[in-house]
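For reference, entry.cif (mmCIF, C-alpha atoms and all ligand atoms):
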data_coords
loop_
_atom_site.label_atom_id
_atom_site.label_comp_id
_atom_site.auth_asym_id
_atom_site.auth_seq_id
_atom_site.Cartn_x
_atom_site.Cartn_y
_atom_site.Cartn_z
CA MET M 16 75.95 32.56 84.67
CA LYS M 17 76.83 29.29 83.00
CA ASN M 18 79.55 28.96 80.41
CA THR M 19 77.24 27.90 77.56
CA LYS M 20 78.91 25.65 74.97
CA HIS M 21 77.83 25.78 71.33
CA ILE M 22 77.64 23.04 68.69
CA GLN M 23 76.87 24.17 65.13
CA VAL M 24 75.32 21.40 63.00
CA ASP M 25 73.18 22.95 60.25
CA ASN M 26 72.28 20.18 57.81
CA LYS M 27 75.03 17.75 58.81
CA PRO M 28 74.37 14.75 61.04
CA LEU M 29 76.01 15.02 64.47
CA SER M 30 79.41 13.34 64.75
CA LEU M 31 79.95 10.52 67.24
CA ASN M 32 82.16 12.87 69.18
CA GLN M 33 79.44 15.51 69.42
CA LEU M 34 76.80 12.92 70.38
CA ASN M 35 79.10 11.62 73.15
CA GLN M 36 79.61 15.14 74.47
CA ILE M 37 75.84 15.79 74.51
CA SER M 38 74.98 12.45 76.07
CA THR M 39 77.61 12.85 78.81
CA LEU M 40 76.23 16.26 79.66
CA ILE M 41 72.61 15.05 79.80
CA ASN M 42 73.51 12.04 81.93
CA ALA M 43 75.41 14.32 84.32
CA GLY M 44 72.17 16.30 84.84
CA GLY M 45 72.92 19.16 82.42
CA THR M 46 70.63 21.23 80.18
CA VAL M 47 70.88 21.18 76.38
CA VAL M 48 69.01 23.34 73.87
CA PHE M 49 68.22 21.32 70.75
CA PRO M 50 66.19 21.84 67.57
CA THR M 51 62.87 20.12 66.92
CA GLU M 52 60.65 20.43 63.84
CA THR M 53 58.30 22.79 65.76
CA VAL M 54 60.47 25.13 67.89
CA TYR M 55 63.75 24.83 69.79
CA GLY M 56 63.51 23.07 73.17
CA ILE M 57 65.59 22.99 76.39
CA GLY M 58 66.14 19.36 77.28
CA ALA M 59 67.21 17.57 80.43
CA ASN M 60 66.94 13.97 81.64
CA ALA M 61 63.20 13.58 82.35
CA LEU M 62 63.91 10.93 85.00
CA ASP M 63 66.21 13.22 87.04
CA SER M 64 64.22 15.76 89.05
CA VAL M 65 67.28 17.87 89.87
CA ALA M 66 68.11 18.19 86.15
CA VAL M 67 64.46 19.03 85.40
CA GLY M 68 64.59 21.76 88.05
CA LYS M 69 67.39 23.45 86.06
CA ILE M 70 65.02 23.82 83.08
CA PHE M 71 62.54 25.78 85.20
CA THR M 72 65.36 28.01 86.46
CA ALA M 73 66.76 28.63 82.96
CA LYS M 74 63.36 29.72 81.62
CA GLY M 75 62.09 31.47 84.74
CA ARG M 76 59.11 29.15 84.34
CA PRO M 77 56.47 28.80 87.09
CA ASP M 78 56.87 25.33 88.58
CA ASP M 79 53.15 24.56 88.23
CA ASN M 80 53.46 24.42 84.43
CA PRO M 81 54.29 20.83 83.37
CA LEU M 82 56.80 19.82 80.67
CA ILE M 83 56.55 17.61 77.60
CA VAL M 84 58.63 14.41 77.67
CA HIS M 85 60.39 13.71 74.35
CA ILE M 86 61.17 10.18 73.18
CA ALA M 87 62.98 8.86 70.10
CA ASP M 88 61.50 5.38 69.82
CA ILE M 89 58.21 3.75 70.73
CA ASP M 90 59.89 1.39 73.25
CA GLN M 91 60.59 4.42 75.41
CA LEU M 92 56.86 5.12 75.80
CA TYR M 93 55.73 2.03 77.71
CA PRO M 94 57.77 2.50 80.93
CA LEU M 95 56.41 6.06 81.25
CA VAL M 96 52.63 5.58 80.98
CA GLN M 97 49.85 3.47 82.51
CA ILE M 98 48.29 2.24 79.29
CA VAL M 99 48.63 2.79 75.55
CA SER M 100 44.97 2.57 74.49
CA PRO M 101 43.82 1.55 70.98
CA LEU M 102 43.08 5.26 70.37
CA ALA M 103 46.63 6.19 71.41
CA LYS M 104 47.99 3.53 69.05
CA ARG M 105 46.01 4.93 66.11
CA LEU M 106 47.24 8.44 66.79
CA ILE M 107 50.82 7.26 67.18
CA ASP M 108 50.65 5.28 63.93
CA ALA M 109 49.22 8.28 62.10
CA PHE M 110 51.29 11.15 63.50
CA TRP M 111 54.47 10.00 65.30
CA PRO M 112 57.19 10.98 64.83
CA GLY M 113 55.75 14.48 64.39
CA PRO M 114 54.26 17.58 66.01
CA LEU M 115 51.58 15.84 68.13
CA THR M 116 51.87 15.68 71.94
CA LEU M 117 49.63 13.16 73.68
CA ILE M 118 48.56 13.28 77.34
CA PHE M 119 48.67 9.88 79.10
CA ASN M 120 48.14 8.72 82.69
CA LYS M 121 51.68 8.56 84.03
CA ARG M 122 53.68 5.97 85.91
CA ASP M 123 55.80 6.74 88.96
CA THR M 124 58.98 6.60 86.82
CA ILE M 125 58.29 10.26 85.95
CA PRO M 126 59.16 12.71 88.73
CA ASP M 127 56.48 15.12 89.93
CA SER M 128 58.63 18.07 88.86
CA VAL M 129 58.08 17.14 85.19
CA THR M 130 54.29 16.99 85.49
CA ALA M 131 53.87 19.70 88.14
CA GLY M 132 52.29 17.08 90.37
CA LEU M 133 49.61 16.03 87.82
CA SER M 134 48.78 12.33 87.44
CA THR M 135 49.14 12.74 83.66
CA VAL M 136 52.18 13.25 81.44
CA ALA M 137 52.59 14.90 78.03
CA ILE M 138 54.68 12.86 75.58
CA ARG M 139 55.85 13.49 72.05
CA MET M 140 58.21 11.89 69.53
CA PRO M 141 59.74 14.69 67.47
CA ALA M 142 60.28 14.18 63.75
CA ASP M 143 63.50 16.20 63.71
CA VAL M 144 66.44 13.86 63.05
CA ILE M 145 68.89 15.78 65.24
CA ALA M 146 66.42 15.77 68.15
CA ARG M 147 65.96 12.03 67.86
CA GLU M 148 69.72 11.35 67.55
CA ILE M 149 70.27 13.35 70.75
CA ILE M 150 67.53 11.50 72.66
CA ARG M 151 68.86 8.13 71.46
CA ALA M 152 72.43 8.99 72.36
CA ALA M 153 71.36 10.15 75.83
CA GLY M 154 69.46 6.87 76.31
CA VAL M 155 66.83 8.62 78.45
CA PRO M 156 63.63 10.54 77.66
CA LEU M 157 64.13 14.31 77.64
CA ALA M 158 61.81 16.75 79.38
CA ALA M 159 61.83 19.79 77.12
CA PRO M 160 59.78 22.98 77.02
CA SER M 161 60.29 25.60 74.32
CA ALA M 162 63.70 27.26 74.72
CA ASN M 163 62.43 30.81 75.35
CA LEU M 164 62.42 32.81 78.54
CA SER M 165 58.99 32.33 80.10
CA GLY M 166 56.47 34.71 78.45
CA LYS M 167 58.55 35.34 75.29
CA PRO M 168 57.66 33.91 71.89
CA SER M 169 59.04 30.39 71.31
CA PRO M 170 62.39 30.36 69.47
CA THR M 171 62.35 29.31 65.84
CA ARG M 172 65.88 30.52 64.93
CA VAL M 173 69.32 30.15 66.49
CA LYS M 174 69.47 33.88 67.20
CA HIS M 175 66.30 33.68 69.35
CA VAL M 176 67.77 30.81 71.33
CA CYS M 177 71.04 32.65 71.92
CA ASP M 178 69.21 35.89 72.87
CA ASP M 179 67.27 34.05 75.60
CA MET M 180 69.46 31.16 76.74
CA MET M 181 73.14 32.17 76.47
CA GLY M 182 74.59 31.82 79.97
CA ARG M 183 71.50 29.96 81.23
CA VAL M 184 72.03 26.45 79.82
CA ASP M 185 75.04 24.13 79.50
CA LEU M 186 74.92 23.62 75.73
CA ILE M 187 73.16 24.95 72.63
CA VAL M 188 72.92 22.69 69.56
CA ALA M 189 72.39 25.18 66.73
CA ALA M 190 70.85 23.85 63.53
CA GLY M 191 69.28 26.74 61.64
CA ASP M 192 65.58 27.59 61.34
CA VAL M 193 62.89 25.10 62.41
CA THR M 194 60.33 23.71 59.95
CA TYR M 195 56.91 24.53 61.45
CA GLY M 196 57.49 27.55 63.69
CA LEU M 197 54.58 26.80 66.07
CA GLU M 198 54.62 24.40 69.01
CA SER M 199 53.13 20.90 68.76
CA THR M 200 49.42 20.11 68.93
CA VAL M 201 48.54 18.93 72.48
CA LEU M 202 45.74 16.34 72.74
CA ASP M 203 44.43 14.93 76.03
CA ILE M 204 43.48 11.30 75.35
CA THR M 205 42.89 10.41 79.00
CA ARG M 206 39.32 11.67 78.50
CA GLU M 207 36.51 10.65 76.18
CA PRO M 208 36.05 12.55 73.91
CA ALA M 209 39.68 13.63 73.59
CA ILE M 210 40.35 17.33 74.27
CA LEU M 211 42.44 19.52 72.02
CA LEU M 212 44.40 21.57 74.57
CA ARG M 213 46.69 23.39 72.13
CA PRO M 214 46.24 23.55 68.34
CA GLY M 215 49.36 23.03 66.24
CA ALA M 216 50.71 21.72 62.97
CA ILE M 217 48.68 18.52 63.28
CA THR M 218 45.33 20.16 62.62
CA LEU M 219 41.90 19.55 64.15
CA GLU M 220 40.75 18.47 60.67
CA GLN M 221 43.49 15.80 60.54
CA LEU M 222 42.37 14.46 63.94
CA LEU M 223 38.71 14.42 62.85
CA ASP M 224 39.65 12.70 59.58
CA LEU M 225 40.96 9.83 61.68
CA GLY M 226 37.39 9.41 63.01
CA LEU M 227 38.21 10.83 66.44
CA SER M 228 35.70 12.74 68.51
CA VAL M 229 37.55 15.80 69.76
CA LYS M 230 36.41 18.63 71.99
CA THR M 231 38.19 21.94 71.72
CA ASP M 232 39.11 23.76 74.87
CA SER M 233 37.33 27.08 75.43
CA GLY M 234 40.58 28.95 76.07
CA MET M 235 41.78 28.46 72.51
CA LEU M 236 40.40 31.55 70.81
CA GLU M 237 38.88 33.52 73.67
CA GLN M 238 39.91 34.77 77.05
CA THR M 239 38.59 32.47 79.77
CA SER M 240 38.53 32.72 83.51
CA LEU M 241 38.73 28.98 84.17
CA SER M 242 40.06 28.79 87.73
CA VAL M 243 41.63 25.40 87.02
CA PRO M 244 42.71 25.32 83.37
CA ARG M 245 42.98 21.86 81.87
CA SER M 246 46.41 22.61 80.50
CA PRO M 247 48.28 24.69 83.06
CA GLY M 248 50.25 26.50 80.34
CA MET M 249 47.06 28.09 79.07
CA LYS M 250 46.68 30.41 82.02
CA TYR M 251 49.97 32.19 81.43
CA LYS M 252 50.39 35.21 79.20
CA HIS M 253 52.34 33.80 76.31
CA TYR M 254 54.17 34.87 73.21
CA ALA M 255 54.08 38.49 74.31
CA PRO M 256 56.65 40.91 72.90
CA ASN M 257 57.22 44.39 74.35
CA ALA M 258 55.36 45.96 71.43
CA ASP M 259 51.55 46.22 71.62
CA VAL M 260 50.07 43.59 69.33
CA TYR M 261 46.58 43.90 67.84
CA VAL M 262 44.70 41.54 65.56
CA VAL M 263 43.04 43.34 62.64
CA SER M 264 39.72 41.74 61.72
CA ASP M 265 39.61 40.26 58.21
CA GLN M 266 36.19 41.93 57.78
CA HIS M 267 37.74 45.38 57.18
CA ASN M 268 38.32 46.76 53.68
CA ALA M 269 41.61 48.40 52.64
CA GLN M 270 40.36 51.91 53.49
CA GLN M 271 39.27 50.87 56.99
CA ILE M 272 42.61 49.20 57.59
CA GLN M 273 44.41 52.36 56.48
CA GLN M 274 42.34 54.37 58.99
CA ILE M 275 43.36 52.00 61.79
CA ILE M 276 47.03 52.33 60.79
CA ASP M 277 46.74 56.15 60.64
CA SER M 278 45.17 56.31 64.10
CA PHE M 279 48.42 54.90 65.51
CA THR M 280 50.99 56.58 63.28
CA SER M 281 49.40 60.02 63.72
CA ASN M 282 50.17 59.60 67.42
CA GLY M 283 53.81 59.07 66.57
CA LYS M 284 53.76 55.30 67.11
CA ARG M 285 56.28 53.17 65.23
CA LEU M 286 54.02 50.62 63.58
CA ARG M 287 54.39 47.42 61.57
CA TYR M 288 51.42 46.01 59.62
CA ILE M 289 51.54 42.31 58.73
CA ASP M 290 49.23 40.73 56.16
CA LEU M 291 50.27 37.13 55.40
CA SER M 292 48.59 33.80 54.67
CA ALA M 293 48.02 31.36 57.55
CA SER M 294 50.85 29.08 56.40
CA GLU M 295 53.32 31.97 56.13
CA LEU M 296 52.26 33.30 59.54
CA ALA M 297 52.76 29.86 61.11
CA VAL M 298 56.42 29.92 60.13
CA LYS M 299 57.06 33.63 60.71
CA LEU M 300 54.81 34.85 63.54
CA PHE M 301 57.28 34.32 66.39
CA THR M 302 60.10 35.89 64.38
CA ILE M 303 57.87 38.87 63.56
CA LEU M 304 57.11 39.38 67.26
CA ARG M 305 60.77 39.12 68.30
CA THR M 306 62.01 41.34 65.47
CA ALA M 307 59.49 44.02 66.47
CA ASP M 308 61.27 44.26 69.82
CA ASP M 309 64.73 44.27 68.25
CA ASP M 310 63.62 47.17 66.04
CA ALA M 311 61.91 49.07 68.90
CA ILE M 312 58.52 48.94 67.17
CA ASP M 313 55.61 50.22 69.34
CA VAL M 314 52.64 48.58 67.64
CA VAL M 315 52.31 45.42 65.55
CA LEU M 316 49.03 44.97 63.66
CA VAL M 317 48.46 41.51 62.22
CA LYS M 318 45.60 40.77 59.85
CA ALA M 319 43.47 37.82 61.07
CA VAL M 320 43.43 34.60 59.05
CA SER M 321 40.59 32.09 58.87
CA GLU M 322 40.60 29.48 61.61
CA ASN M 323 40.77 26.44 59.34
CA GLY M 324 43.69 24.03 59.22
CA ILE M 325 46.88 25.61 60.53
CA GLY M 326 44.91 28.89 60.84
CA LEU M 327 43.47 27.70 64.18
CA ALA M 328 46.96 27.39 65.71
CA VAL M 329 48.04 30.70 64.18
CA MET M 330 45.00 32.55 65.57
CA ASN M 331 45.47 30.91 68.99
CA ARG M 332 49.07 32.20 69.26
CA LEU M 333 48.23 35.55 67.69
CA LEU M 334 45.26 36.26 69.99
CA LYS M 335 47.39 35.43 73.03
CA ALA M 336 50.17 37.71 71.85
CA ALA M 337 47.54 40.42 71.34
CA ASP M 338 45.96 39.80 74.73
CA PHE M 339 42.79 39.05 72.71
CA ARG M 340 42.56 42.65 71.37
CA VAL M 341 40.89 42.67 67.95
CA LEU M 342 40.37 45.90 65.99
O1 LIG C 401 56.49 21.72 70.00
C1 LIG C 401 56.56 21.59 71.22
O2 LIG C 401 55.69 21.00 71.88
C2 LIG C 401 57.78 22.22 71.93
C3 LIG C 401 59.02 21.44 71.48
C4 LIG C 401 60.25 21.88 72.23
O3 LIG C 401 58.80 20.07 71.63
N1 LIG C 401 57.61 22.17 73.35
C5 LIG C 401 56.74 22.97 74.01
O4 LIG C 401 56.75 22.83 75.39
O5 LIG C 401 56.00 23.75 73.45
P1 LIG C 401 56.11 23.89 76.37
O6 LIG C 401 56.54 23.48 77.73
O7 LIG C 401 56.47 25.24 75.93
O8 LIG C 401 54.57 23.63 76.27
C6 LIG C 401 54.00 22.48 76.85
C7 LIG C 401 52.50 22.65 76.97
C8 LIG C 401 52.16 23.62 78.09
O9 LIG C 401 51.03 24.39 77.69
C9 LIG C 401 51.79 22.68 79.24
O10 LIG C 401 50.92 23.27 80.16
C10 LIG C 401 51.16 21.51 78.51
O11 LIG C 401 51.92 21.37 77.32
N2 LIG C 401 51.24 20.27 79.29
C11 LIG C 401 52.36 19.61 79.66
N3 LIG C 401 52.04 18.53 80.40
C12 LIG C 401 50.69 18.51 80.50
C13 LIG C 401 49.75 17.65 81.14
N4 LIG C 401 50.13 16.59 81.84
N5 LIG C 401 48.42 17.95 81.02
C14 LIG C 401 48.02 19.02 80.29
N6 LIG C 401 48.86 19.88 79.67
C15 LIG C 401 50.17 19.63 79.77
MG MG C 402 56.47 27.24 75.65
#
Here is a file; write its structure as structure tokens.
Amino acid sequence: MKNTKHIQVDNKPLSLNQLNQISTLINAGGTVVFPTETVYGIGANALDSVAVGKIFTAKGRPDDNPLIVHIADIDQLYPLVQIVSPLAKRLIDAFWPGPLTLIFNKRDTIPDSVTAGLSTVAIRMPADVIAREIIRAAGVPLAAPSANLSGKPSPTRVKHVCDDMMGRVDLIVAAGDVTYGLESTVLDITREPAILLRPGAITLEQLLDLGLSVKTDSGMLEQTSLSVPRSPGMKYKHYAPNADVYVVSDQHNAQQIQQIIDSFTSNGKRLRYIDLSASELAVKLFTILRTADDDAIDVVLVKAVSENGIGLAVMNRLLKAADFRVL
């Protein structure tokens, strides 16, 4: 058990004192939970493979699942990657800083532990001001996965972070609820056409509007048996609470939905039925899943939303949480 320190920032900028404390810790190979605009992340110096190893231990993450490297300024990108193509430049101009992670061919500066031995690296520049201040103060890129225990929903609130990471990391920077509530969009631009590996707040429509040709990965909305998934994270059961989650088709009428609800409650199941818009679900889905466990709920039914815009990311996370069970 580590003695986890806590810095409360809320809407204030970090003080010089706090930034020094964080930067000293990171440069000594420590682990720091910090907010981003998508979800909270656990950061460590991406150039220090021992520090990166501590992230995997803290999360209980399989070591074949690579991490995203977070940078604060564009100058930090060039030493990490082979080339920044014209396509990469257009995407960066349009969406960085922001919730878009790009896959590049990596340079040897990045240890194999970060990329799980892949020749590519995932990089993103978060929009969150606190995240960027921390990366700048540290003076190194930060490898940072979502700050949940492996298999749990990503943390969008301080309470989630503390539930999972207290005693497992050196420091938690607590700054209230995140903005988006779903992890970043992951786009592989080492291939032509680019492949959308994980949908997120930067939508497929926004990428297409830029004139990009984008393929979507088959694992996004259906269960696949790809023996070698393109994005290693896709093969793991994700976002799963203890409660049984089911997606309720949006084709049902109110009476049919009531029958589905009754079929569970008549068996004595404690049930929660969620019917929200795609944009509300984006922000609240992970909290809904975690709260269900806190409240010892047996079954969570969530009404499907249409797969346009942010709805694609919502349905991707929801179907995974439901193990692809649709009623
Ligand atoms: O919004 C986010 O992206 C958050 C915040 C903290 O930045 N981070 C996050 O990290 O969601 P994580 O580790 O939970 O998810 C990273 C995803 C995984 O599915 C992983 O397999 C994939 O990105 N990934 C990382 N490096 C990759 C690579 N070189 N090629 C393909 N996929 C990669
Ligand atoms: Mg994650």
For ligand MG 402 (chain C), list the contacting residues at 6 Å or closer, counting only C-alpha atoms and all ligand atoms, as a PyMOL selection string.
chain M and resi 160-161+169
Write out as a list in words which residues come within 8 Å of stretch 290-297 of chain M when counting all atoms listed in the file, dropping same-chain ones fewer than 3 positions away.
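The filter keeps Tyr195, Gly196, Leu197, Leu300, Val317, Lys318, Val320, Ser321, Ile325, Gly326, Ala328 and Val329 of chain M.
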Please check which protein, DNA or RNA residues sit within 8 Å of ligand LIG 401 (chain C), counting only C-alpha atoms and all ligand atoms, and write them as a CSV table (one decimal) with C-alpha atoms, keeping the file's coordinate frame.
chain,number,residue,atom,x,y,z
M,50,PRO,CA,66.2,21.8,67.6
M,51,THR,CA,62.9,20.1,66.9
M,52,GLU,CA,60.6,20.4,63.8
M,53,THR,CA,58.3,22.8,65.8
M,54,VAL,CA,60.5,25.1,67.9
M,55,TYR,CA,63.8,24.8,69.8
M,56,GLY,CA,63.5,23.1,73.2
M,57,ILE,CA,65.6,23.0,76.4
M,80,ASN,CA,53.5,24.4,84.4
M,81,PRO,CA,54.3,20.8,83.4
M,82,LEU,CA,56.8,19.8,80.7
M,83,ILE,CA,56.6,17.6,77.6
M,85,HIS,CA,60.4,13.7,74.4
M,114,PRO,CA,54.3,17.6,66.0
M,115,LEU,CA,51.6,15.8,68.1
M,116,THR,CA,51.9,15.7,71.9
M,118,ILE,CA,48.6,13.3,77.3
M,119,PHE,CA,48.7,9.9,79.1
M,129,VAL,CA,58.1,17.1,85.2
M,130,THR,CA,54.3,17.0,85.5
M,131,ALA,CA,53.9,19.7,88.1
M,133,LEU,CA,49.6,16.0,87.8
M,134,SER,CA,48.8,12.3,87.4
M,135,THR,CA,49.1,12.7,83.7
M,136,VAL,CA,52.2,13.2,81.4
M,137,ALA,CA,52.6,14.9,78.0
M,138,ILE,CA,54.7,12.9,75.6
M,139,ARG,CA,55.8,13.5,72.0
M,141,PRO,CA,59.7,14.7,67.5
M,159,ALA,CA,61.8,19.8,77.1
M,160,PRO,CA,59.8,23.0,77.0
M,161,SER,CA,60.3,25.6,74.3
M,162,ALA,CA,63.7,27.3,74.7
M,169,SER,CA,59.0,30.4,71.3
M,197,LEU,CA,54.6,26.8,66.1
M,198,GLU,CA,54.6,24.4,69.0
M,199,SER,CA,53.1,20.9,68.8
M,200,THR,CA,49.4,20.1,68.9
M,201,VAL,CA,48.5,18.9,72.5
M,203,ASP,CA,44.4,14.9,76.0
M,212,LEU,CA,44.4,21.6,74.6
M,213,ARG,CA,46.7,23.4,72.1
M,245,ARG,CA,43.0,21.9,81.9
M,246,SER,CA,46.4,22.6,80.5
M,247,PRO,CA,48.3,24.7,83.1
M,248,GLY,CA,50.2,26.5,80.3
M,249,MET,CA,47.1,28.1,79.1
What is the distance, in Å and to one decimal place, between atom CA of M:Ile312 and atom CA of M:Val260?
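Between atom CA of M:Ile312 and atom CA of M:Val260 the gap works out to 10.2 Å.
Here the question is which of M:Ile98, M:Leu219, M:Ala43, M:Ala336 gets nearest to M:Tyr254 using only C-alpha atoms, and that residue is M:Ala336.
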Might you pull out every residue within 10 Å of M:Asp179, with all atoms listed in the file counted and same-chain residues fewer than 2 positions away left off, and present them as a PyMOL selection string?
chain M and resi 73-74+162-165+167+169-170+174-177+181-184
What does the distance between atom CA of M:Gln33 and atom CA of M:Val84 come to in Å, to one decimal place?
22.4 Å
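Among M:Ala189, M:Leu342, M:Val65, M:Ile217, the residue with the shortest atom-to-atom distance to M:Ile275, counting all atoms listed in the file, is M:Leu342.
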Could you work out how far atom CA of M:Leu106 lies from atom CA of M:Leu29, giving the answer in Å with one decimal?
29.6 Å
Leaving out M:Pro208 and any residue of its chain fewer than 4 positions from it, which residues lie within 12 Å of it when counting all atoms listed in the file, given as a list in words?
Leu102, Leu202, Asp203, Ile204, Leu222, Leu223, Gly226, Leu227, Ser228, Val229, Lys230, Thr231 and Asp232 of chain M
Of the candidates M:Asn120, M:Asn331, M:Ser233, M:Thr72, which one gets nearest to M:Val96 if we count all atoms listed in the file?
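Among the listed residues, the smallest separation from M:Val96 belongs to M:Asn120.
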